[in-house]
$ cat upload01.txt   # compact mmCIF, C-alpha atoms
# COMPACT_ATOMS: atom_id res chain seq x y z
CA MET A 546 -6.73 69.26 -90.16
CA ASN A 547 -10.18 70.22 -89.02
CA ALA A 548 -11.14 71.27 -85.52
CA PHE A 549 -12.80 67.95 -84.65
CA ALA A 550 -9.71 65.91 -85.48
CA LEU A 551 -7.61 68.34 -83.47
CA GLU A 552 -9.91 67.94 -80.51
CA ILE A 553 -9.66 64.14 -80.73
CA LEU A 554 -5.88 64.45 -80.74
CA ARG A 555 -5.82 66.84 -77.80
CA THR A 556 -8.24 64.69 -75.82
CA SER A 557 -6.23 61.55 -76.59
CA GLY A 558 -3.17 63.30 -75.22
CA GLU A 559 -5.13 64.16 -72.10
CA HIS A 560 -6.16 60.51 -71.83
CA VAL A 561 -2.57 59.29 -72.09
CA VAL A 562 -1.45 61.73 -69.39
CA LEU A 563 -4.30 60.58 -67.14
CA VAL A 564 -3.44 56.90 -67.59
CA ALA A 565 0.32 57.38 -67.33
CA THR A 566 0.10 59.48 -64.16
CA ALA A 567 -2.24 56.98 -62.51
CA VAL A 568 -0.19 53.90 -63.42
CA VAL A 569 3.11 55.52 -62.44
CA ALA A 570 1.58 56.57 -59.11
CA ALA A 571 0.21 53.06 -58.55
CA PHE A 572 3.61 51.56 -59.37
CA VAL A 573 5.55 53.95 -57.15
CA ILE A 574 3.28 53.09 -54.23
CA GLY A 575 2.49 49.50 -55.10
CA ALA A 576 5.94 48.13 -55.96
CA PRO A 577 7.71 48.92 -52.67
CA ALA A 578 4.59 47.86 -50.79
CA ALA A 579 4.52 44.55 -52.65
CA ILE A 580 8.21 43.92 -51.94
CA THR A 581 7.60 44.54 -48.23
CA LEU A 582 4.57 42.25 -48.32
CA THR A 583 6.63 39.33 -49.64
CA LEU A 584 8.31 39.25 -46.23
CA HIS A 585 5.16 39.34 -44.08
CA ALA A 586 2.67 36.59 -44.78
CA ARG A 587 -0.12 37.78 -42.49
CA THR A 588 -0.04 41.45 -43.50
CA ARG A 589 0.10 40.30 -47.09
CA ARG A 590 -3.27 38.56 -46.87
CA TRP A 591 -4.89 41.63 -45.31
CA VAL A 592 -3.45 44.21 -47.67
CA LEU A 593 -4.05 42.24 -50.85
CA GLY A 594 -7.58 41.51 -49.60
CA LEU A 595 -8.23 45.21 -49.12
CA VAL A 596 -6.80 46.09 -52.54
CA ASN A 597 -8.98 43.35 -53.97
CA VAL A 598 -12.10 44.85 -52.36
CA ILE A 599 -11.32 48.24 -53.94
CA GLN A 600 -11.25 46.46 -57.28
CA THR A 601 -14.82 45.17 -56.82
CA ILE A 602 -16.29 48.66 -56.37
CA PRO A 603 -17.80 49.84 -59.68
CA SER A 604 -15.65 52.69 -60.97
CA LEU A 605 -18.53 55.12 -61.40
CA ALA A 606 -19.51 54.52 -57.75
CA LEU A 607 -15.95 55.08 -56.55
CA PHE A 608 -15.78 58.37 -58.44
CA GLY A 609 -19.07 59.33 -56.80
CA VAL A 610 -17.94 58.33 -53.32
CA LEU A 611 -14.76 60.39 -53.59
CA LEU A 612 -16.49 63.54 -54.88
CA PRO A 613 -17.52 65.02 -51.51
CA ILE A 614 -14.28 64.06 -49.70
CA PRO A 615 -11.94 67.02 -49.11
CA LEU A 616 -8.32 66.96 -50.36
CA ILE A 617 -8.50 63.74 -52.36
CA GLY A 618 -11.99 64.28 -53.74
CA GLY A 619 -13.80 66.93 -55.72
CA ILE A 620 -14.37 67.61 -59.38
CA GLY A 621 -11.35 67.32 -61.67
CA LYS A 622 -8.26 65.45 -62.70
CA ARG A 623 -6.85 64.85 -59.23
CA THR A 624 -9.80 62.75 -58.11
CA ALA A 625 -9.74 60.87 -61.41
CA ILE A 626 -6.06 60.02 -61.05
CA ILE A 627 -6.53 58.83 -57.48
CA VAL A 628 -9.37 56.50 -58.46
CA LEU A 629 -7.49 55.14 -61.47
CA ALA A 630 -4.37 54.58 -59.39
CA LEU A 631 -6.42 52.66 -56.81
CA TYR A 632 -7.67 50.34 -59.55
CA ALA A 633 -4.20 49.86 -61.02
CA LEU A 634 -2.86 48.88 -57.62
CA LEU A 635 -4.20 45.32 -57.57
CA PRO A 636 -2.64 43.87 -60.74
CA ILE A 637 0.66 45.63 -60.04
CA MET A 638 0.92 44.50 -56.43
CA ARG A 639 -0.48 41.02 -56.87
CA ASN A 640 1.77 40.14 -59.79
CA MET A 641 4.81 41.52 -58.04
CA VAL A 642 4.10 39.45 -54.92
CA VAL A 643 3.32 36.31 -56.92
CA GLY A 644 6.39 36.76 -59.14
CA ILE A 645 8.80 37.22 -56.25
CA LEU A 646 7.35 34.46 -54.08
CA GLY A 647 7.30 32.18 -57.12
CA VAL A 648 11.09 32.13 -57.42
CA GLU A 649 12.18 28.54 -56.89
CA ALA A 650 13.19 27.72 -53.32
CA GLY A 651 16.42 26.05 -54.44
CA ILE A 652 17.52 29.19 -56.26
CA ARG A 653 16.78 31.43 -53.30
CA GLU A 654 18.60 29.04 -50.99
CA SER A 655 21.70 28.87 -53.12
CA ALA A 656 21.71 32.69 -53.34
CA LEU A 657 21.62 32.80 -49.56
CA ALA A 658 24.30 30.11 -49.27
CA MET A 659 26.59 32.07 -51.60
CA GLY A 660 26.58 34.91 -49.11
CA MET A 661 24.27 37.32 -50.90
CA THR A 662 22.62 39.93 -48.71
CA ARG A 663 18.84 40.28 -48.58
CA GLN A 664 19.09 43.33 -50.90
CA GLN A 665 21.34 41.52 -53.37
CA ILE A 666 18.98 38.57 -53.52
CA LEU A 667 16.07 40.91 -54.16
CA TRP A 668 17.71 42.97 -56.92
CA ARG A 669 19.94 40.40 -58.56
CA VAL A 670 17.81 37.28 -58.30
CA GLU A 671 14.19 37.74 -57.30
CA ILE A 672 13.25 40.82 -59.32
CA PRO A 673 14.98 39.71 -62.55
CA LEU A 674 13.31 36.31 -62.31
CA ALA A 675 9.94 37.87 -61.47
CA LEU A 676 10.24 40.44 -64.26
CA PRO A 677 7.95 38.73 -66.81
CA THR A 678 5.23 38.38 -64.14
CA ILE A 679 5.73 41.98 -63.00
CA LEU A 680 5.46 43.20 -66.60
CA ALA A 681 2.31 41.12 -67.09
CA GLY A 682 0.78 42.91 -64.09
CA LEU A 683 1.78 46.26 -65.51
CA ARG A 684 0.21 45.32 -68.82
CA ILE A 685 -3.11 44.43 -67.19
CA ALA A 686 -2.96 47.66 -65.16
CA ILE A 687 -2.29 49.87 -68.19
CA VAL A 688 -4.81 48.26 -70.52
CA SER A 689 -7.62 48.29 -67.95
CA THR A 690 -6.79 51.84 -66.86
CA ILE A 691 -7.09 53.03 -70.46
CA GLY A 692 -10.65 51.69 -70.40
CA THR A 693 -11.62 52.87 -66.93
CA ALA A 694 -10.17 56.33 -67.61
CA THR A 695 -13.04 57.03 -70.01
CA VAL A 696 -15.33 57.13 -66.97
CA ALA A 697 -13.18 59.89 -65.47
CA ALA A 698 -14.94 62.39 -67.74
CA ALA A 699 -18.05 61.96 -65.54
CA ILE A 700 -16.33 63.93 -62.77
CA GLY A 701 -14.57 66.39 -65.00
CA GLY A 702 -11.34 64.42 -65.34
CA GLY A 703 -11.16 65.00 -69.09
CA GLY A 704 -9.80 62.45 -71.55
CA LEU A 705 -11.57 60.48 -74.29
CA GLY A 706 -14.59 59.87 -72.05
CA THR A 707 -15.56 63.46 -72.72
CA PHE A 708 -16.63 62.42 -76.24
CA ILE A 709 -18.41 59.32 -75.04
CA PHE A 710 -20.49 61.16 -72.44
CA ARG A 711 -21.22 64.04 -74.82
CA GLY A 712 -22.21 61.55 -77.54
CA ILE A 713 -24.54 59.68 -75.18
CA ALA A 714 -26.14 62.92 -74.01
CA THR A 715 -26.81 64.08 -77.57
CA ALA A 716 -27.52 60.57 -78.89
CA ASP A 717 -24.75 61.08 -81.48
CA LEU A 718 -22.95 57.87 -82.43
CA THR A 719 -20.10 59.62 -84.26
CA THR A 720 -19.15 61.54 -81.13
CA VAL A 721 -19.28 58.34 -79.03
CA LEU A 722 -16.98 56.63 -81.52
CA ALA A 723 -14.62 59.60 -81.51
CA GLY A 724 -13.94 58.69 -77.89
CA ALA A 725 -14.28 54.90 -78.00
CA VAL A 726 -12.16 54.11 -81.07
CA PRO A 727 -8.99 55.98 -80.02
CA ALA A 728 -9.29 54.45 -76.53
CA ALA A 729 -9.56 50.96 -78.02
CA VAL A 730 -6.62 51.55 -80.36
CA MET A 731 -4.58 52.87 -77.45
CA ALA A 732 -5.37 49.75 -75.40
CA ILE A 733 -4.42 47.42 -78.25
CA ILE A 734 -1.10 49.18 -78.88
CA ALA A 735 -0.21 49.19 -75.17
CA ASP A 736 -1.09 45.52 -74.94
CA GLU A 737 1.10 44.56 -77.89
CA VAL A 738 4.11 46.59 -76.80
CA LEU A 739 4.01 45.26 -73.24
CA GLU A 740 3.51 41.70 -74.38
CA TRP A 741 6.62 42.04 -76.48
CA ALA A 742 8.54 43.37 -73.45
CA GLU A 743 7.28 40.50 -71.34
CA ARG A 744 8.57 37.95 -73.84
CA ARG A 745 11.84 39.79 -74.18
CA TYR A 746 12.57 39.41 -70.45
CA SER A 747 11.40 35.83 -70.03
CA VAL A 748 14.10 33.31 -69.19
CA MET B 118 42.00 20.82 -29.62
CA SER B 119 41.08 22.74 -32.71
CA ALA B 120 39.41 21.30 -35.76
CA PHE B 121 38.41 23.08 -38.92
CA VAL B 122 34.72 22.32 -38.51
CA GLU B 123 33.37 21.03 -35.25
CA PHE B 124 29.97 19.98 -33.95
CA GLU B 125 29.50 19.90 -30.20
CA ARG B 126 26.37 18.22 -28.78
CA VAL B 127 24.28 19.68 -31.59
CA THR B 128 20.55 19.02 -31.59
CA TYR B 129 17.84 20.28 -33.87
CA GLN B 130 14.11 20.04 -33.43
CA VAL B 131 11.28 20.93 -35.78
CA ASP B 132 7.70 20.87 -34.49
CA GLY B 133 8.74 18.76 -31.52
CA ARG B 134 10.44 16.20 -33.75
CA ASP B 135 14.16 15.50 -33.24
CA VAL B 136 15.97 15.86 -36.54
CA LEU B 137 19.46 15.83 -35.04
CA ARG B 138 20.41 14.45 -31.61
CA GLY B 139 23.70 14.97 -29.83
CA ILE B 140 25.89 15.35 -32.91
CA GLU B 141 29.64 15.30 -32.21
CA LEU B 142 31.69 15.61 -35.31
CA SER B 143 34.88 17.19 -36.53
CA LEU B 144 36.43 17.81 -39.89
CA ASP B 145 40.08 18.55 -40.59
CA ARG B 146 41.50 20.72 -43.30
CA ASN B 147 41.97 18.89 -46.60
CA GLU B 148 39.84 15.88 -45.77
CA THR B 149 36.64 14.74 -47.40
CA LEU B 150 34.11 13.49 -44.88
CA VAL B 151 31.12 11.76 -46.38
CA LEU B 152 27.84 11.91 -44.52
CA LEU B 153 26.06 8.73 -45.43
CA GLY B 154 22.46 8.07 -44.57
CA ARG B 155 18.99 7.30 -45.81
CA SER B 156 16.56 10.10 -46.58
CA GLY B 157 15.33 11.72 -43.39
CA SER B 158 18.44 10.79 -41.43
CA GLY B 159 19.31 14.46 -40.94
CA LYS B 160 22.33 14.74 -43.22
CA THR B 161 21.14 17.80 -45.17
CA THR B 162 20.09 19.50 -41.94
CA LEU B 163 23.55 18.89 -40.54
CA LEU B 164 25.15 20.45 -43.61
CA LYS B 165 23.00 23.56 -43.42
CA MET B 166 24.09 24.23 -39.85
CA ILE B 167 27.61 24.92 -41.05
CA ASN B 168 26.75 27.80 -43.39
CA ARG B 169 23.99 28.90 -41.02
CA LEU B 170 21.06 28.25 -43.30
CA LEU B 171 19.75 26.58 -40.13
CA ARG B 172 20.66 27.14 -36.49
CA PRO B 173 21.01 24.38 -33.91
CA SER B 174 18.34 24.13 -31.20
CA SER B 175 21.14 23.47 -28.74
CA GLY B 176 24.87 22.81 -28.89
CA GLU B 177 27.45 24.60 -30.98
CA VAL B 178 28.89 24.44 -34.49
CA ARG B 179 32.34 25.93 -34.98
CA PHE B 180 34.08 26.90 -38.20
CA GLU B 181 37.75 27.93 -38.12
CA ASP B 182 37.67 27.88 -34.32
CA ARG B 183 34.78 30.30 -34.04
CA SER B 184 31.18 29.55 -33.25
CA VAL B 185 29.12 29.84 -36.42
CA ALA B 186 26.64 31.94 -34.42
CA GLU B 187 29.36 34.58 -33.94
CA TRP B 188 30.31 34.76 -37.61
CA ASP B 189 28.85 37.43 -39.82
CA PRO B 190 26.64 35.14 -41.92
CA ILE B 191 27.63 36.84 -45.17
CA ARG B 192 31.38 36.47 -44.52
CA LEU B 193 30.87 32.92 -43.32
CA ARG B 194 28.96 31.84 -46.42
CA ARG B 195 31.45 33.42 -48.79
CA ARG B 196 34.13 31.24 -47.24
CA ILE B 197 32.11 28.10 -47.86
CA GLY B 198 31.26 26.68 -51.28
CA TYR B 199 27.83 25.06 -51.51
CA VAL B 200 26.67 22.61 -54.15
CA ILE B 201 23.15 21.19 -54.24
CA GLN B 202 21.43 18.47 -56.20
CA ASP B 203 19.90 20.51 -59.02
CA GLY B 204 22.80 22.95 -59.10
CA GLY B 205 20.74 25.94 -57.95
CA LEU B 206 22.14 27.95 -60.85
CA PHE B 207 20.56 31.31 -61.63
CA PRO B 208 18.66 30.81 -64.89
CA HIS B 209 18.69 34.49 -65.93
CA ILE B 210 22.44 34.96 -66.16
CA PRO B 211 24.97 33.09 -68.33
CA VAL B 212 27.34 30.42 -67.03
CA ALA B 213 30.29 32.82 -66.71
CA ARG B 214 28.35 35.18 -64.47
CA ASN B 215 27.01 32.31 -62.40
CA VAL B 216 30.53 31.08 -61.77
CA GLY B 217 31.93 34.57 -61.19
CA LEU B 218 29.18 35.69 -58.86
CA VAL B 219 30.90 35.44 -55.48
CA PRO B 220 34.10 37.06 -56.80
CA GLU B 221 31.87 39.79 -58.24
CA LEU B 222 30.16 40.27 -54.86
CA GLU B 223 33.59 40.38 -53.28
CA GLY B 224 34.52 43.20 -55.66
CA TRP B 225 37.26 41.49 -57.66
CA PRO B 226 38.39 43.43 -60.75
CA GLN B 227 36.69 42.30 -64.00
CA GLU B 228 39.89 40.95 -65.53
CA LYS B 229 40.64 38.76 -62.54
CA ILE B 230 37.08 37.43 -62.47
CA ARG B 231 37.24 36.51 -66.15
CA ALA B 232 40.54 34.70 -65.73
CA ARG B 233 39.23 32.83 -62.69
CA VAL B 234 36.03 31.79 -64.49
CA ASP B 235 38.02 30.44 -67.45
CA GLU B 236 40.37 28.59 -65.14
CA LEU B 237 37.49 26.96 -63.24
CA LEU B 238 35.46 26.03 -66.31
CA ASP B 239 38.60 24.35 -67.64
CA ALA B 240 39.09 22.59 -64.34
CA VAL B 241 35.59 21.09 -64.35
CA GLY B 242 35.98 20.03 -67.97
CA LEU B 243 33.91 22.67 -69.74
CA GLU B 244 35.47 24.55 -72.65
CA PRO B 245 35.18 28.25 -71.65
CA GLU B 246 34.72 29.44 -75.25
CA ILE B 247 31.71 27.20 -75.67
CA TYR B 248 30.12 27.38 -72.24
CA ALA B 249 30.81 30.83 -70.78
CA LYS B 250 28.00 32.52 -72.69
CA ARG B 251 25.41 29.74 -72.39
CA TYR B 252 22.47 29.95 -70.04
CA PRO B 253 21.78 27.22 -67.46
CA GLY B 254 18.64 26.22 -69.37
CA GLN B 255 20.86 25.19 -72.29
CA LEU B 256 22.93 22.73 -70.22
CA SER B 257 22.54 19.02 -69.52
CA GLY B 258 22.24 17.76 -65.92
CA GLY B 259 25.91 16.83 -65.76
CA GLU B 260 27.02 20.17 -67.20
CA LYS B 261 24.88 22.01 -64.65
CA GLN B 262 26.59 20.15 -61.82
CA ARG B 263 29.98 20.97 -63.27
CA VAL B 264 29.05 24.65 -63.35
CA GLY B 265 27.67 24.31 -59.81
CA ILE B 266 31.02 22.97 -58.60
CA ALA B 267 32.96 25.64 -60.50
CA ARG B 268 30.75 28.27 -58.88
CA ALA B 269 31.33 26.85 -55.42
CA LEU B 270 35.11 26.97 -55.96
CA ALA B 271 35.13 30.47 -57.46
CA ALA B 272 36.25 32.59 -54.54
CA ASP B 273 38.64 29.85 -53.40
CA PRO B 274 36.81 28.94 -50.17
CA PRO B 275 38.63 26.52 -47.86
CA LEU B 276 35.51 24.39 -47.36
CA LEU B 277 32.99 22.80 -49.73
CA LEU B 278 29.57 21.51 -48.71
CA LEU B 279 28.02 19.17 -51.25
CA ASP B 280 24.45 17.97 -50.84
CA GLU B 281 23.92 14.88 -53.02
CA PRO B 282 25.42 16.73 -55.98
CA PHE B 283 25.40 13.72 -58.30
CA ALA B 284 22.25 11.94 -57.15
CA ALA B 285 20.07 13.06 -60.06
CA LEU B 286 22.55 12.15 -62.79
CA ASP B 287 22.51 9.06 -64.98
CA PRO B 288 25.00 6.36 -63.88
CA VAL B 289 27.59 7.05 -66.56
CA THR B 290 27.60 10.82 -65.97
CA ARG B 291 27.65 10.19 -62.24
CA TYR B 292 30.72 7.96 -62.52
CA ASP B 293 32.38 10.59 -64.66
CA MET B 294 31.63 13.33 -62.13
CA GLN B 295 32.88 11.23 -59.22
CA GLN B 296 36.21 10.65 -60.95
CA HIS B 297 36.37 14.33 -61.72
CA PHE B 298 35.62 15.27 -58.13
CA LEU B 299 38.47 13.05 -56.91
CA LYS B 300 40.86 14.81 -59.24
CA LEU B 301 39.55 18.26 -58.33
CA SER B 302 39.75 17.71 -54.59
CA LYS B 303 43.42 16.81 -55.01
CA VAL B 304 44.15 19.81 -57.22
CA PHE B 305 42.29 22.39 -55.17
CA ASP B 306 43.17 21.00 -51.78
CA LYS B 307 39.88 21.68 -50.01
CA ALA B 308 38.07 20.30 -47.04
CA ALA B 309 34.72 18.88 -48.08
CA LEU B 310 31.59 17.56 -46.47
CA PHE B 311 29.79 15.38 -48.96
CA VAL B 312 26.25 14.18 -48.36
CA THR B 313 25.08 11.03 -50.11
CA HIS B 314 22.78 8.05 -49.69
CA ASP B 315 24.97 5.94 -51.95
CA LEU B 316 27.52 3.74 -50.14
CA ARG B 317 29.49 3.13 -53.30
CA GLU B 318 29.92 6.88 -53.73
CA ALA B 319 30.84 7.23 -50.06
CA LEU B 320 33.56 4.59 -50.32
CA LEU B 321 34.91 6.17 -53.48
CA LEU B 322 35.07 9.79 -52.39
CA GLY B 323 35.35 9.92 -48.63
CA SER B 324 38.55 9.82 -46.65
CA ARG B 325 36.25 9.20 -43.70
CA ILE B 326 32.61 8.20 -43.53
CA ALA B 327 30.02 9.21 -40.96
CA LEU B 328 26.86 7.13 -40.98
CA LEU B 329 23.78 9.02 -39.89
CA HIS B 330 20.66 7.31 -38.68
CA GLU B 331 17.61 9.04 -37.23
CA GLY B 332 19.59 12.15 -36.38
CA ARG B 333 22.51 10.39 -34.72
CA VAL B 334 26.02 9.62 -35.91
CA GLU B 335 25.84 5.86 -35.70
CA TRP B 336 29.29 5.12 -36.97
CA ILE B 337 32.26 7.22 -37.97
CA GLY B 338 35.67 6.17 -39.16
CA PRO B 339 38.12 5.84 -42.07
CA ARG B 340 36.48 4.42 -45.18
CA ASP B 341 38.61 1.27 -45.13
CA GLU B 342 37.08 0.31 -41.82
CA PHE B 343 33.49 0.73 -42.94
CA GLN B 344 33.45 -2.81 -44.35
CA ARG B 345 34.08 -4.09 -40.84
CA ALA B 346 31.65 -1.71 -39.12
CA ALA B 347 29.50 -3.55 -36.62
CA SER B 348 26.59 -1.10 -36.47
CA PRO B 349 23.34 -2.61 -37.74
CA HIS B 350 22.66 0.14 -40.26
CA ALA B 351 26.17 -0.03 -41.63
CA ARG B 352 25.46 -3.74 -42.22
CA THR B 353 22.25 -2.83 -44.03
CA PHE B 354 24.14 -0.49 -46.33
CA LEU B 355 26.80 -3.10 -46.95
CA ARG B 356 24.14 -5.66 -47.82
CA THR B 357 22.91 -3.41 -50.66
CA LEU B 358 26.43 -3.53 -52.06
CA GLU B 359 26.61 -7.34 -51.76
CA LEU B 360 23.25 -7.68 -53.46
CA GLU B 361 24.49 -5.61 -56.38
CA ARG B 362 27.57 -7.81 -56.67
CA ALA B 363 25.56 -11.02 -56.51
CA HIS B 364 23.64 -10.05 -59.61
$ encode --input "upload01.txt" --output "structure tokens"
Amino acid sequence: MNAFALEILRTSGEHVVLVATAVVAAFVIGAPAAITLTLHARTRRWVLGLVNVIQTIPSLALFGVLLPIPLIGGIGKRTAIIVLALYALLPIMRNMVVGILGVEAGIRESALAMGMTRQQILWRVEIPLALPTILAGLRIAIVSTIGTATVAAAIGGGGLGTFIFRGIATADLTTVLAGAVPAAVMAIIADEVLEWAERRYSV
Amino acid sequence: MSAFVEFERVTYQVDGRDVLRGIELSLDRNETLVLLGRSGSGKTTLLKMINRLLRPSSGEVRFEDRSVAEWDPIRLRRRIGYVIQDGGLFPHIPVARNVGLVPELEGWPQEKIRARVDELLDAVGLEPEIYAKRYPGQLSGGEKQRVGIARALAADPPLLLLDEPFAALDPVTRYDMQQHFLKLSKVFDKAALFVTHDLREALLLGSRIALLHEGRVEWIGPRDEFQRAASPHARTFLRTLELERAH
């Protein structure tokens, strides 16, 4: 294998790590937050609104804004992961909230009437029934993060964007494609696998 | 005096509207009391006060000589079987797990749960071998109600609350279920509060009938006396029966 192919492979690996870390972080923060939000209607509107606003900021701008901020900002992977996680937050949280609140009232009431505790209703009824919707949110988060992560190279975050930016700078199409094609393939594979999982857990 | 379930001057308001007014009611062990009334008469609300899905605005509801407000709601609800119109079955788990859910929550050993589930499916007329593994989505309306009743009976609660359990069924299935319910209530020896808007069903299943109108108990008594009830709304209900006969 030549050096170029090896570099594509290494950079793809970097890209996967970037995406995985960001999505896992977004899920670890977003999922418990979403569950809490299902219980508080007013807070829910505010928090989801805020998360929604983050989503409307162009990613390149958000990277730029975070650069001068100490601790969470600066050049490198950490800033990239934080930005990507912020973007992944919306689909994860919104789908979780919608999925849980969408459980039929009659089902929730009979769970309550059978003497299930709040925790039991959440884990045994609401989350299993919301699972397809939650997985759909995760799918959107992963697929879009794979795309957005290419921008991370602009602030030294590494990943497949490195090729794209280098290719643009040197007006070399092959180098651009070396970044774009693996990213696209990655997105398609992730999409297919998660769609299968979604179907698998539908009632 | 101690009754099994007792309502004392119970009222319930929502947004300034009186849903229940001055309810006095008692239920003995092993009797089936039918709450008869038109939609909006407050019968479902009354039912939900017993397992504390709703709390009275004033007055007191007692179950087994203790105010419902003092019961631990989880313990209370596990002693009361609840059946609703569309069954309220959990669509993501098979019939056997639906039926065995309360025993499972109560920590029964697996073997005992399985035996109990088989026994109950048999009792409601569903072959365990065929139905245990099915999902609620694969059942007909009547089968869902049967599973709903089996589930309510699972942990052997002394009281059943049934909220128009047969209202959405076709007439033949409904008749079948009513006959089945009569048999079951003899076999399992439970107290039951049965909500319906159908006088025929009330006369068939109730040992006593309470007629609710605009949040009040307008008439209460043994079912044989309902025909002679003087209250105007009882007459209205009886007229529907006469009309059916006339045709």
$ closest_residue --input "upload01.txt" --among "B:Thr357, B:Ser184, B:Thr290, B:Gln255" --to "chain A" --atoms "all atoms listed in the file"
B:Gln255
$ residues_near_point --input "upload01.txt" --point "(35.9, 10.4, -45.2)" --cutoff "7 Å" --atoms "all atoms listed in the file" --output "PyMOL selection string"
chain B and resi 148-151+323-326+339-340
$ closest_atom_pairs --input "upload01.txt" --of "stretch 269-355 of chain B" --to "stretch 642-666 of chain A" --cutoff "12 Å" --atoms "only C-alpha atoms" --output "Markdown table"
| residue | atom | partner | partner_atom | distance |
| --- | --- | --- | --- | --- |
| B:Ala269 | CA | A:Met659 | CA | 8.0 |
| B:Leu270 | CA | A:Met659 | CA | 10.8 |
| B:Ala271 | CA | A:Met659 | CA | 10.5 |
| B:Ala272 | CA | A:Met659 | CA | 10.1 |
| B:Pro274 | CA | A:Met659 | CA | 10.8 |
| B:Leu277 | CA | A:Ala658 | CA | 11.4 |
| B:Leu278 | CA | A:Ala658 | CA | 10.1 |
| B:Leu279 | CA | A:Ala658 | CA | 11.7 |
| B:Asp280 | CA | A:Ser655 | CA | 11.5 |
$ residues_near_point --input "upload01.txt" --point "(1.8, 48.4, -56.4)" --cutoff "6 Å" --atoms "all atoms listed in the file" --output "ChimeraX atom specification"
/A:571-572,574-576,634,637-638
$ closest_residue --input "upload01.txt" --among "B:Leu320, B:Leu163, B:Leu329, B:Leu256" --to "B:Leu355" --atoms "all atoms listed in the file"
B:Leu320
$ residues_around --input "upload01.txt" --residues "stretch 609-624 of chain A" --least-positions-apart "2" --cutoff "6 Å" --atoms "all atoms listed in the file" --output "PyMOL selection string"
chain A and resi 606-607+626-627+700-702
$ residues_around --input "upload01.txt" --residues "A:Arg744" --least-positions-apart "5" --cutoff "10 Å" --atoms "only C-alpha atoms" --output "PyMOL selection string"
chain A and resi 677+680-681+739
$ atom_distance --input "upload01.txt" --atom1 "atom CA of B:Pro253" --atom2 "atom CA of B:Gln202"
14.3 Å
$ atom_distance --input "upload01.txt" --atom1 "atom CA of B:Phe121" --atom2 "atom CA of B:Val312"
17.8 Å
$ residues_around --input "upload01.txt" --residues "B:Leu237" --least-positions-apart "3" --cutoff "8 Å" --atoms "all atoms listed in the file" --output "list in words"
Arg233, Val234, Ala240, Val241, Ala267, Leu270 and Ala271 of chain B
$ write_last_selection --input "upload01.txt" --atoms "C-alpha atoms" --output "PDB file, in the frame of the given file"
ATOM      1  CA  ARG B 233      39.230  32.830 -62.690  1.00  0.00           C
ATOM      2  CA  VAL B 234      36.030  31.790 -64.490  1.00  0.00           C
ATOM      3  CA  ALA B 240      39.090  22.590 -64.340  1.00  0.00           C
ATOM      4  CA  VAL B 241      35.590  21.090 -64.350  1.00  0.00           C
ATOM      5  CA  ALA B 267      32.960  25.640 -60.500  1.00  0.00           C
ATOM      6  CA  LEU B 270      35.110  26.970 -55.960  1.00  0.00           C
ATOM      7  CA  ALA B 271      35.130  30.470 -57.460  1.00  0.00           C
TER       8      ALA B 271
END
$ atom_distance --input "upload01.txt" --atom1 "atom CA of B:Phe298" --atom2 "atom CA of B:Leu322"
8.0 Å
$ axis_aligned_box --input "upload01.txt" --around "stretch 651-667 of chain A" --padding-each-side "5 Å" --output "AutoDock Vina command-line options"
--center_x 21.3 --center_y 34.7 --center_z -52.4 --size_x 20.5 --size_y 27.3 --size_z 17.7
$ interface_residues --input "upload01.txt" --of "chain B" --to "chain A" --cutoff "12 Å" --atoms "only C-alpha atoms" --output "PyMOL selection string"
chain B and resi 164-171+189-211+214-223+252-255+265+268-272+274+277-280
$ closest_residue --input "upload01.txt" --among "B:Val304, B:Ile230, B:Ala213, B:Leu360" --to "B:Pro245" --atoms "only C-alpha atoms"
B:Ala213
$ closest_residue --input "upload01.txt" --among "A:Ala729, A:Ala697, A:Leu593, A:Met641" --to "A:Val564" --atoms "only C-alpha atoms"
A:Ala697
$ residues_around --input "upload01.txt" --residues "B:Glu244" --least-positions-apart "4" --cutoff "12 Å" --atoms "all atoms listed in the file" --output "PDB file with C-alpha atoms, keeping the file's coordinate frame"
ATOM      1  CA  VAL B 212      27.340  30.420 -67.030  1.00  0.00           C
ATOM      2  CA  ALA B 213      30.290  32.820 -66.710  1.00  0.00           C
ATOM      3  CA  VAL B 234      36.030  31.790 -64.490  1.00  0.00           C
ATOM      4  CA  ASP B 235      38.020  30.440 -67.450  1.00  0.00           C
ATOM      5  CA  GLU B 236      40.370  28.590 -65.140  1.00  0.00           C
ATOM      6  CA  LEU B 237      37.490  26.960 -63.240  1.00  0.00           C
ATOM      7  CA  LEU B 238      35.460  26.030 -66.310  1.00  0.00           C
ATOM      8  CA  ASP B 239      38.600  24.350 -67.640  1.00  0.00           C
ATOM      9  CA  ALA B 240      39.090  22.590 -64.340  1.00  0.00           C
ATOM     10  CA  TYR B 248      30.120  27.380 -72.240  1.00  0.00           C
ATOM     11  CA  ALA B 249      30.810  30.830 -70.780  1.00  0.00           C
ATOM     12  CA  LYS B 250      28.000  32.520 -72.690  1.00  0.00           C
ATOM     13  CA  ARG B 251      25.410  29.740 -72.390  1.00  0.00           C
ATOM     14  CA  GLU B 260      27.020  20.170 -67.200  1.00  0.00           C
ATOM     15  CA  ARG B 263      29.980  20.970 -63.270  1.00  0.00           C
ATOM     16  CA  VAL B 264      29.050  24.650 -63.350  1.00  0.00           C
TER      17      VAL B 264
END
